[in-house]
Structure formats: structure tokens, C-alpha cells
Protein chains: 2
Amino acid sequence: MDHQGSSTPARRVTINDIAAATGVAPSTVSRALSRPGRVNPTTAARIEAVARSLNYAPNRQARALTSGRTETIAVLVSDVTNPFYFGMIRGTAHQLRSAGYAQLLIDTEDSAELENHLLHKMRQSIDGAVLAASRLPEQLLATVAAEMPIVAVNRNVPGVPSVVIDSPAGIGQATEHLVSLGHRDIVYVSGPPISWANEARWRAFQHSMSHHALRARKIGPFAASRTSGSAAADAVLNTGATACIVFNDLLAIGILSRLRERDVAVPDQISVVGCDDIFGADFCHPPLTTLNGPIERAGRVAVTMLLSRLNGEAGTRQSVVLPTHLQVRESTGPVPRR
Amino acid sequence: MDHQGSSTPARRVTINDIAAATGVAPSTVSRALSRPGRVNPTTAARIEAVARSLNYAPNRQARALTSGRTETIAVLVSDVTNPFYFGMIRGTAHQLRSAGYAQLLIDTEDSAELENHLLHKMRQSIDGAVLAASRLPEQLLATVAAEMPIVAVNRNVPGVPSVVIDSPAGIGQATEHLVSLGHRDIVYVSGPPISWANEARWRAFQHSMSHHALRARKIGPFAASRTSGSAAADAVLNTGATACIVFNDLLAIGILSRLRERDVAVPDQISVVGCDDIFGADFCHPPLTTLNGPIERAGRVAVTMLLSRLNGEAGTRQSVVLPTHLQVRESTGPVPRR
DNA sequence: CTGAAAGCGCTAACAT
DNA sequence: ATGTTAGCGCTTTCAG
């Protein structure tokens, strides 16, 4: 049984149906529905009423075909299950919805090839893209940016609009924090070398340490996952350092678990600092000292930049840097006495 | 500078370009690219070669316009930031990608109206939808299912294909576990009344308890969020129960935090069981005893069902029930001695 | 196996 | 302010 009330197989209603029912031309209906103001208010109202009563919904594909605008934005993440992205996705989702855009979520599985391939395949289906943690080489990223409107998150490449969370500044605070607690031997636990954020954090760490006339060491690389925390923890212990700053929280939480397993007390024997303040960082054991960034806001800002670019608005900033601050919890403490 | 090598503003290549370059008709190109086998292998190969060399990507909108198939599936979640969905989204993402489908991620913000509205608005842009934790009333959900291919996850309504994780069975195990630890006074901490899973879990709990000739109590409802854990914890304590089974892990983790804050020892003074085994359940403090379900698999299965339905395959099961089991960690223990 | 032609639903000139 | 006309890029009859 067809709940539409007719007996024909529920043909979808088009602007032609509305035009017929209203006694105007389809183009008028199109205008009335697309941009009000270009049509007589009275007829516009009539058209809208009929559209509503007919339960009309515009066909986005047809609209896209002529207008070239799909009202769809792709959001690319390197791994959907990484909690880091949740907040960002919520930010993009909200901002896109309120602008009437649809959000295509794409998981690039940490592969530059896949990222490039999917971007290429989808380029006609989207008006633009937010690339969260793009793995594309600089050159290629710049090329992509020249071809379609994109905003990169946590990736800074000349010529590519971006939103980056200023973790270098945060790393500075973290180093300061540890040094003030008496730590002198601090090691950076690095994440995937392909990650721009990883490099940025390592450089910031080196810089801060040299500022204190301390030697910056690095171990890794490790995958940015909880499971690789085991190897990372063992490696940290092996260095003899009294504190570590870890590429991200996922890895840091993995390290915490392994340290517990090995009965190494945190922070009594070793201090751990993470990055990103993901879901869970506040309730793991011990709660993690980490860099807290406005990640949801990053998503919102990225979309705002993208949309204003699409709308040809002028005063759009090329790059936005969002502040970060150290969230001190219980995984850091005074350097252990020998 | 246009990296395409031409000086014109990078007009996108269409099947007509390929047709011209190959010396065949556009329709042949279409056939060759859409379903090989309906065209001479030699020419097909030639066409494909030219397509590749021209860097051709089909226009999905145009294709959708005629064929009616968008190769896009919507995945609706009630809240993108709920970690419960992460695994499921990964499951759907992988399965969709391997089938060449795009995934539209839609956040319904826990609102039935919004869910219905977006489904309606998007119905022409998608081939089907996976509804995770739909908030739609039964009747409406059935209507939607009659109009477009959908698969519901964790929601069982007659006539609507579904994938549900068998948490009732799990609740039985959880109750058994607590009773065997000596608990007699167990309370169910309920989540949003609008949630189907919440009702199912409460019923299962009642059933198990009556099986042991024990009285089942319920408190709530509480929002399924960490913050509402405070109120929930206080309420649990107020009941004097020695154990609680909580609607989901998010709420349970919130409860754990509050109990720590109030210096109530878990599990020495009270035992806590969650549901879903979300990210974080294994590293919160204490690690949470919870129901572990194959949530990523649920996402994969849902997509598989949806796609096989779209492809008109016959032997598609209407509903799939996935097993669950109790994951005992450290938040449950023997009943406290008085 | 392939070509010609029609048209999906809509928007965008161009007229009026 | 509104109607007419011509496609967008593709698939799909219908012929051959």
C-alpha cells in the first residue's frame, strides 16, 4: 500500500508538479525556492505553500548538475576510530548542518595514496573538503588546494588555508612544567613520522629544551595507537629519563597501561605528558596531564573558512592558529629522588 | 598556473571527451565504464586506457540523475561524539568503501524530528540509510522503511530490517555474575526513555531478577552522558543497593568518577556494571565490567544487509542478532559484609 | 556490439 | 517579475 495516497508507485514530486499545480513556469518555482526575493512575494508564498503540501524536496543531484554546487563537504580523517577526531567531526557536523550542507565522512586509513585517490574520485561530488591531519606531501597538498577549496587542520603548508592548534606553544608549557618539577632528562616519544603534528611537536620540544640548556632526546617512531604504547613504555624506561612528552594521548594512555603492568609508579617514578586531551584523558589512571586544544572549535572554524571561501567572501584569513594550554592532572609530579 | 597542462580553466573531462578521443559513441563509453561485458573487449580496453590517461572520474550526480542510484549511504547517529558509535562508524565506513559507496554521516542530535526531517530531505541523495539508535516512533520508522531501504541498528521494529546486539542475554549474564557474588539488592540505572535499548535492557534485567526471585529496581532516567553520572551515582547510593547495572558505559564511567569523588570504593562498597564496552571502559578507574558487543561488526553487517537489499539479492535476512558477553573487569566484586 | 536520441530534475541565460 | 529555451553529464531505450 502506498502511503502517499495515490495508487501509482510514488513518483517523486518535482518542480514541474509544483509549477503545474500553481500555474507558473518551472523556472519561477526554481527561483522562488532557490533565492526568494527574485520573485513576487505573493506567488512565492503560493509556491512555497504548494511545495510544502506536496511534500517536495529538491533533488540535490539535479541541482548540482546545473549549478555545479553540491552543497556537500567532505571531511577526511586518517582514522575514524581515533577519538581525537570525534570532537572535530562534531564541530564540522554542526557548522555544516546549520549552513544546510551535507557531510561526507572519509577515512583515509593513514594512507596518502588513498587520500589522494578518494579526493580525486569525489571532487565532482563535493564543493570542498576539510582535511584533518592530511598525509599528502606538501607539493601535492598545494596542488590539491589549487584545484578545489580545502582547509587543512593541523597541517601548515604555504598556500593552503589551515587551522592549526598551536601545540608548539603548549609543548613549551609542558616542558616548562616538567623542568619546574625538577626534571632534567626528558624524552619525546614520537608518533608516525608522516604526521606533520609529530614533527612540529618534536621541533617545539627541542627548542624548549635548548632554551633550558637541556638535551632533547627522541625515541620512536611509534604508531599513534594504544597498543603501541607497550613498546613505547619499555623504550622510555630504557632511556632512564624521568619524564616523557608523548606525541598524543592515545599513545600516552597506552604507555600508562604498560607502566602499570610493569609496576612503575606514575608520577612517582616517571612523569607522562600527552597531547590533545582526548576523551578518556581525564579518567584514565592516573588522569593524564596533557595539552588541551579547542578541537571542536577547530572543526567549526575550518568549515566557516571553507564556506566563506565558497561564497566568495573576501576577508577570509588564510590560516588560523588556535591556542592550547597545558591541562595538569595527575600523571606528572616532582622528579624522583635518587 | 594550471597543472593539467592546458591553458583553459581545467574543464572536467566527460565521457564525450573519451568518446571523441576513442572514436566511439558516448553511449559506448558509458557501457564500457559502467558494466564491462556489454561491449567488445578490445574497444573496452581502449576506452579504459583513454579514460585513465585523461584522468577521468565519472560525475556521480549526473549518473545518479538518470540511474536513480547515488551510491551513497547515510549513516545516522544520535550523537557523533558518543564513543559507542566510533566502532560502528568504522564498520560501516570500511564496508561501504569496499563496495565503492560514499558515506554521509548525519548527526540527529537525539531528536526524532530532526532525524525524520533529514531523512526526508536527503532521501533523493542516498540509496539507503543505516539508522543507529533511531529515535523515531515505531510507526514512523516502519513507514520510513517502506519508503526507502534502511537497516536499523539496536532497534527492533516489526518490518524493519535490523541488526541488534543481544544485550538482554548479556544483562542476564551480568545479573548472574552479580548474584553469584552475593548481591541481592541490584538497581538498574536507566538511560533516556526514548532509547529502545534502554527499555530492552530494563526488561531483561527485570526478567533475570525475577528468575532469582529478587526484586528489580530502577532509577532514572538519566541522560546518557558522563556528566549525568554525578546525579546517577548519588541516586544509586541513596537506594542502598550493593550493585548497579547501568544503561551504558558513558553513564557508568560518570558514575565511577562521582563515586571516587565521594570516596566510595568500587567494588568494595558497591559494584558497577556498564554496557557496550566503549573506548575507555578498559582503562578507566577501576576498569569497568561491562557488556562487550561486536559493535564494529554490527556496522559491517548493517551495510552488508543494506547493499544486498539494494542489489535485489533474495536470501537477505530481515534481522540479525549479534551475541554479547560479559567482560569482567575490576568494577565488580563480592557483596560488602555488613 | 554499437550508435542515435531522449530525458533525468534542475538552473541559468535570454527574452518578454 | 515571469516565461522560454537550452543544456549540465550521464544512462537508457530503441534501432541498426
# chains A, B, ... in the order shown; residues from 1 in each chain; ligands from 1

$ interface_residues --of "chain A" --to "chain C" --cutoff "10 Å" --atoms "only C-alpha atoms (C1' of nucleotides)" --output "ChimeraX atom specification"
/A:13-16,26-27,30-31,34,58-68

$ residues_around --residues "range 42-44 of chain A" --least-positions-apart "3" --cutoff "12 Å" --atoms "only C-alpha atoms (C1' of nucleotides)" --output "ChimeraX atom specification"
/A:18-19,22-25,28-39,47-51 /D:1-2

$ residues_around --residues "Arg297 in chain B" --least-positions-apart "5" --cutoff "9 Å" --atoms "only C-alpha atoms (C1' of nucleotides)" --output "PDB file with N, CA and C atoms, in the first residue's frame"
ATOM      1  N   GLY B  87      33.149   2.710  16.777  1.00  0.00           N
ATOM      2  CA  GLY B  87      33.376   1.393  16.213  1.00  0.00           C
ATOM      3  C   GLY B  87      32.393   1.094  15.100  1.00  0.00           C
ATOM      4  N   MET B  88      31.155   1.458  15.331  1.00  0.00           N
ATOM      5  CA  MET B  88      30.152   1.176  14.330  1.00  0.00           C
ATOM      6  C   MET B  88      30.431   1.941  13.044  1.00  0.00           C
ATOM      7  N   GLY B  91      33.023   0.372  11.122  1.00  0.00           N
ATOM      8  CA  GLY B  91      32.493  -0.803  10.423  1.00  0.00           C
ATOM      9  C   GLY B  91      31.757  -0.403   9.153  1.00  0.00           C
ATOM     10  N   THR B  92      30.874   0.554   9.263  1.00  0.00           N
ATOM     11  CA  THR B  92      30.136   0.969   8.073  1.00  0.00           C
ATOM     12  C   THR B  92      31.086   1.582   7.049  1.00  0.00           C
ATOM     13  N   ALA B 302      25.245  -4.384   9.041  1.00  0.00           N
ATOM     14  CA  ALA B 302      24.156  -3.490   8.636  1.00  0.00           C
ATOM     15  C   ALA B 302      24.343  -3.053   7.182  1.00  0.00           C
ATOM     16  N   LEU B 322      23.320 -10.130  17.148  1.00  0.00           N
ATOM     17  CA  LEU B 322      24.734 -10.396  17.391  1.00  0.00           C
ATOM     18  C   LEU B 322      24.947 -10.690  18.872  1.00  0.00           C
TER      19      LEU B 322
END

$ closest_atom_pairs --of "chain A" --to "chain B" --cutoff "8 Å" --atoms "only C-alpha atoms" --output "JSON lines"
{"residue": "A:Ala57", "atom": "CA", "partner": "B:Lys121", "partner_atom": "CA", "distance": 5.8}
{"residue": "A:Pro58", "atom": "CA", "partner": "B:Lys121", "partner_atom": "CA", "distance": 7.9}
{"residue": "A:Asn59", "atom": "CA", "partner": "B:Gln124", "partner_atom": "CA", "distance": 5.9}
{"residue": "A:Arg60", "atom": "CA", "partner": "B:Ser125", "partner_atom": "CA", "distance": 6.4}
{"residue": "A:Gln61", "atom": "CA", "partner": "B:Gln61", "partner_atom": "CA", "distance": 4.7}
{"residue": "A:Ala62", "atom": "CA", "partner": "B:Leu65", "partner_atom": "CA", "distance": 6.2}
{"residue": "A:Ala64", "atom": "CA", "partner": "B:Gln61", "partner_atom": "CA", "distance": 6.8}
{"residue": "A:Leu65", "atom": "CA", "partner": "B:Gln61", "partner_atom": "CA", "distance": 6.3}
{"residue": "A:Val80", "atom": "CA", "partner": "B:Arg90", "partner_atom": "CA", "distance": 6.0}
{"residue": "A:Thr81", "atom": "CA", "partner": "B:Phe86", "partner_atom": "CA", "distance": 5.3}
{"residue": "A:Pro83", "atom": "CA", "partner": "B:Pro83", "partner_atom": "CA", "distance": 7.7}
{"residue": "A:Phe86", "atom": "CA", "partner": "B:Thr81", "partner_atom": "CA", "distance": 5.3}
{"residue": "A:Gly87", "atom": "CA", "partner": "B:Thr81", "partner_atom": "CA", "distance": 6.3}
{"residue": "A:Ile89", "atom": "CA", "partner": "B:Val80", "partner_atom": "CA", "distance": 7.3}
{"residue": "A:Arg90", "atom": "CA", "partner": "B:Val80", "partner_atom": "CA", "distance": 6.0}
{"residue": "A:Ala93", "atom": "CA", "partner": "B:Asp107", "partner_atom": "CA", "distance": 7.2}
{"residue": "A:Ala102", "atom": "CA", "partner": "B:Leu104", "partner_atom": "CA", "distance": 7.2}
{"residue": "A:Gln103", "atom": "CA", "partner": "B:Leu104", "partner_atom": "CA", "distance": 5.8}
{"residue": "A:Leu104", "atom": "CA", "partner": "B:Leu104", "partner_atom": "CA", "distance": 4.6}
{"residue": "A:Leu105", "atom": "CA", "partner": "B:Gln103", "partner_atom": "CA", "distance": 6.0}
{"residue": "A:Ile106", "atom": "CA", "partner": "B:Gln103", "partner_atom": "CA", "distance": 7.3}
{"residue": "A:Asp107", "atom": "CA", "partner": "B:Ala93", "partner_atom": "CA", "distance": 7.2}
{"residue": "A:His120", "atom": "CA", "partner": "B:Ala57", "partner_atom": "CA", "distance": 7.6}
{"residue": "A:Lys121", "atom": "CA", "partner": "B:Ala57", "partner_atom": "CA", "distance": 5.8}
{"residue": "A:Gln124", "atom": "CA", "partner": "B:Asn59", "partner_atom": "CA", "distance": 5.9}
{"residue": "A:Ser125", "atom": "CA", "partner": "B:Arg60", "partner_atom": "CA", "distance": 6.4}
{"residue": "A:Thr143", "atom": "CA", "partner": "B:His3", "partner_atom": "CA", "distance": 7.8}
{"residue": "A:Ser257", "atom": "CA", "partner": "B:Phe283", "partner_atom": "CA", "distance": 7.5}
{"residue": "A:Phe279", "atom": "CA", "partner": "B:Gly280", "partner_atom": "CA", "distance": 8.0}
{"residue": "A:Gly280", "atom": "CA", "partner": "B:Gly280", "partner_atom": "CA", "distance": 5.7}
{"residue": "A:Phe283", "atom": "CA", "partner": "B:Cys284", "partner_atom": "CA", "distance": 5.5}
{"residue": "A:Cys284", "atom": "CA", "partner": "B:Cys284", "partner_atom": "CA", "distance": 4.7}
{"residue": "A:His285", "atom": "CA", "partner": "B:His285", "partner_atom": "CA", "distance": 6.0}

$ closest_atom_pairs --of "chain D" --to "chain A" --cutoff "10 Å" --atoms "only C-alpha atoms (C1' of nucleotides)" --output "JSON lines"
{"residue": "D:DA1", "atom": "C1'", "partner": "A:Val39", "partner_atom": "CA", "distance": 6.1}
{"residue": "D:DT2", "atom": "C1'", "partner": "A:Thr28", "partner_atom": "CA", "distance": 6.5}
{"residue": "D:DG3", "atom": "C1'", "partner": "A:Ala25", "partner_atom": "CA", "distance": 6.2}
{"residue": "D:DT4", "atom": "C1'", "partner": "A:Ala25", "partner_atom": "CA", "distance": 9.2}
{"residue": "D:DG7", "atom": "C1'", "partner": "A:Thr66", "partner_atom": "CA", "distance": 8.4}
{"residue": "D:DC8", "atom": "C1'", "partner": "A:Thr66", "partner_atom": "CA", "distance": 4.7}
{"residue": "D:DG9", "atom": "C1'", "partner": "A:Leu65", "partner_atom": "CA", "distance": 7.7}

$ write_last_selection --atoms "C-alpha atoms (C1' of nucleotides)" --output "short mmCIF file (atom, residue, chain, number, x, y, z; two decimals), in the first residue's frame"
data_model
loop_
_atom_site.label_atom_id
_atom_site.label_comp_id
_atom_site.auth_asym_id
_atom_site.auth_seq_id
_atom_site.Cartn_x
_atom_site.Cartn_y
_atom_site.Cartn_z
"C1'" DA D 1 8.51 39.59 -12.47
"C1'" DT D 2 7.96 35.63 -15.17
"C1'" DG D 3 8.11 32.51 -19.25
"C1'" DT D 4 11.06 30.04 -22.86
"C1'" DG D 7 21.60 22.27 -21.57
"C1'" DC D 8 24.61 20.03 -17.09
"C1'" DG D 9 26.83 14.52 -17.77
#

$ atom_distance --atom1 "CA of Gly128 in chain B" --atom2 "CA of Tyr101 in chain A"
18.5 Å

$ residues_around --residues "range 198-214 of chain A" --least-positions-apart "2" --cutoff "12 Å" --atoms "only C-alpha atoms (C1' of nucleotides)" --output "ChimeraX atom specification"
/A:133,135,154-156,164-180,182-196,216-224,244-248,274-276,291

$ select_by_dssp --residues "range 104-163 of chain B" --states "alpha helix (DSSP H)" --output "PyMOL selection string"
chain B and resi 112-122+138-147

$ atom_distance --atom1 "CA of Val144 in chain B" --atom2 "CA of Leu114 in chain B"
13.9 Å

$ atom_distance --atom1 "CA of Ala197 in chain A" --atom2 "CA of Thr304 in chain A"
22.2 Å

$ closest_residue --among "B:Ala142, B:Ile295, B:Ala233, B:Leu96" --to "Ile278 in chain B" --atoms "only C-alpha atoms"
B:Ile295

$ select_by_dssp --residues "range 74-319 of chain A" --states "strand (DSSP E)" --output "JSON, numbers by chain"
{"A": [74, 75, 76, 77, 102, 103, 104, 105, 106, 107, 128, 129, 130, 131, 132, 150, 151, 152, 153, 162, 163, 164, 165, 186, 187, 188, 189, 217, 218, 219, 243, 244, 245, 246, 271, 272, 273, 274, 275, 276, 289, 290, 291, 292, 319]}

$ write_last_selection --atoms "C-alpha atoms" --output "PDB file, in the first residue's frame"
ATOM      1  CA  ALA A  74      33.956  16.065   2.625  1.00  0.00           C
ATOM      2  CA  VAL A  75      35.727  15.642   5.902  1.00  0.00           C
ATOM      3  CA  LEU A  76      38.781  13.436   5.651  1.00  0.00           C
ATOM      4  CA  VAL A  77      40.253  11.810   8.696  1.00  0.00           C
ATOM      5  CA  ALA A 102      25.852  17.615   3.961  1.00  0.00           C
ATOM      6  CA  GLN A 103      28.936  15.996   5.405  1.00  0.00           C
ATOM      7  CA  LEU A 104      30.723  13.182   3.662  1.00  0.00           C
ATOM      8  CA  LEU A 105      32.967  11.376   6.071  1.00  0.00           C
ATOM      9  CA  ILE A 106      36.021   9.798   4.539  1.00  0.00           C
ATOM     10  CA  ASP A 107      38.524   7.578   6.266  1.00  0.00           C
ATOM     11  CA  GLY A 128      35.232  21.390  -0.831  1.00  0.00           C
ATOM     12  CA  ALA A 129      36.972  19.411   1.832  1.00  0.00           C
ATOM     13  CA  VAL A 130      38.315  19.638   5.323  1.00  0.00           C
ATOM     14  CA  LEU A 131      41.492  17.618   5.581  1.00  0.00           C
ATOM     15  CA  ALA A 132      42.165  16.633   9.130  1.00  0.00           C
ATOM     16  CA  ILE A 150      40.161  22.886   1.040  1.00  0.00           C
ATOM     17  CA  VAL A 151      41.083  23.723   4.574  1.00  0.00           C
ATOM     18  CA  ALA A 152      43.700  21.693   6.349  1.00  0.00           C
ATOM     19  CA  VAL A 153      43.513  21.044  10.042  1.00  0.00           C
ATOM     20  CA  SER A 162      44.605  25.940   7.538  1.00  0.00           C
ATOM     21  CA  VAL A 163      43.514  25.740  11.115  1.00  0.00           C
ATOM     22  CA  VAL A 164      46.220  24.589  13.413  1.00  0.00           C
ATOM     23  CA  ILE A 165      46.179  24.073  17.095  1.00  0.00           C
ATOM     24  CA  ILE A 186      63.017  14.333  29.350  1.00  0.00           C
ATOM     25  CA  VAL A 187      62.385  12.295  26.264  1.00  0.00           C
ATOM     26  CA  TYR A 188      59.986  12.869  23.395  1.00  0.00           C
ATOM     27  CA  VAL A 189      58.044   9.818  22.318  1.00  0.00           C
ATOM     28  CA  ARG A 217      66.067  13.163  23.163  1.00  0.00           C
ATOM     29  CA  LYS A 218      63.619  11.340  20.978  1.00  0.00           C
ATOM     30  CA  ILE A 219      62.519   7.750  20.744  1.00  0.00           C
ATOM     31  CA  ALA A 243      59.727  12.192  32.237  1.00  0.00           C
ATOM     32  CA  CYS A 244      58.348  11.918  28.745  1.00  0.00           C
ATOM     33  CA  ILE A 245      56.245  14.007  26.442  1.00  0.00           C
ATOM     34  CA  VAL A 246      54.218  11.806  24.169  1.00  0.00           C
ATOM     35  CA  SER A 271      56.040  11.586  34.619  1.00  0.00           C
ATOM     36  CA  VAL A 272      53.997  11.405  31.447  1.00  0.00           C
ATOM     37  CA  VAL A 273      52.550  14.220  29.366  1.00  0.00           C
ATOM     38  CA  GLY A 274      50.215  13.625  26.444  1.00  0.00           C
ATOM     39  CA  CYS A 275      48.801  15.787  23.675  1.00  0.00           C
ATOM     40  CA  ASP A 276      45.234  16.577  22.566  1.00  0.00           C
ATOM     41  CA  THR A 289      48.459  15.733  32.096  1.00  0.00           C
ATOM     42  CA  THR A 290      48.033  16.802  28.523  1.00  0.00           C
ATOM     43  CA  LEU A 291      47.682  19.653  26.055  1.00  0.00           C
ATOM     44  CA  ASN A 292      44.145  20.806  25.800  1.00  0.00           C
ATOM     45  CA  SER A 319      45.400  30.479   8.380  1.00  0.00           C
TER      46      SER A 319
END

$ closest_residue --among "B:Thr239, B:Ser53, B:Ser78, B:Gln95" --to "Leu136 in chain B" --atoms "only C-alpha atoms"
B:Ser78
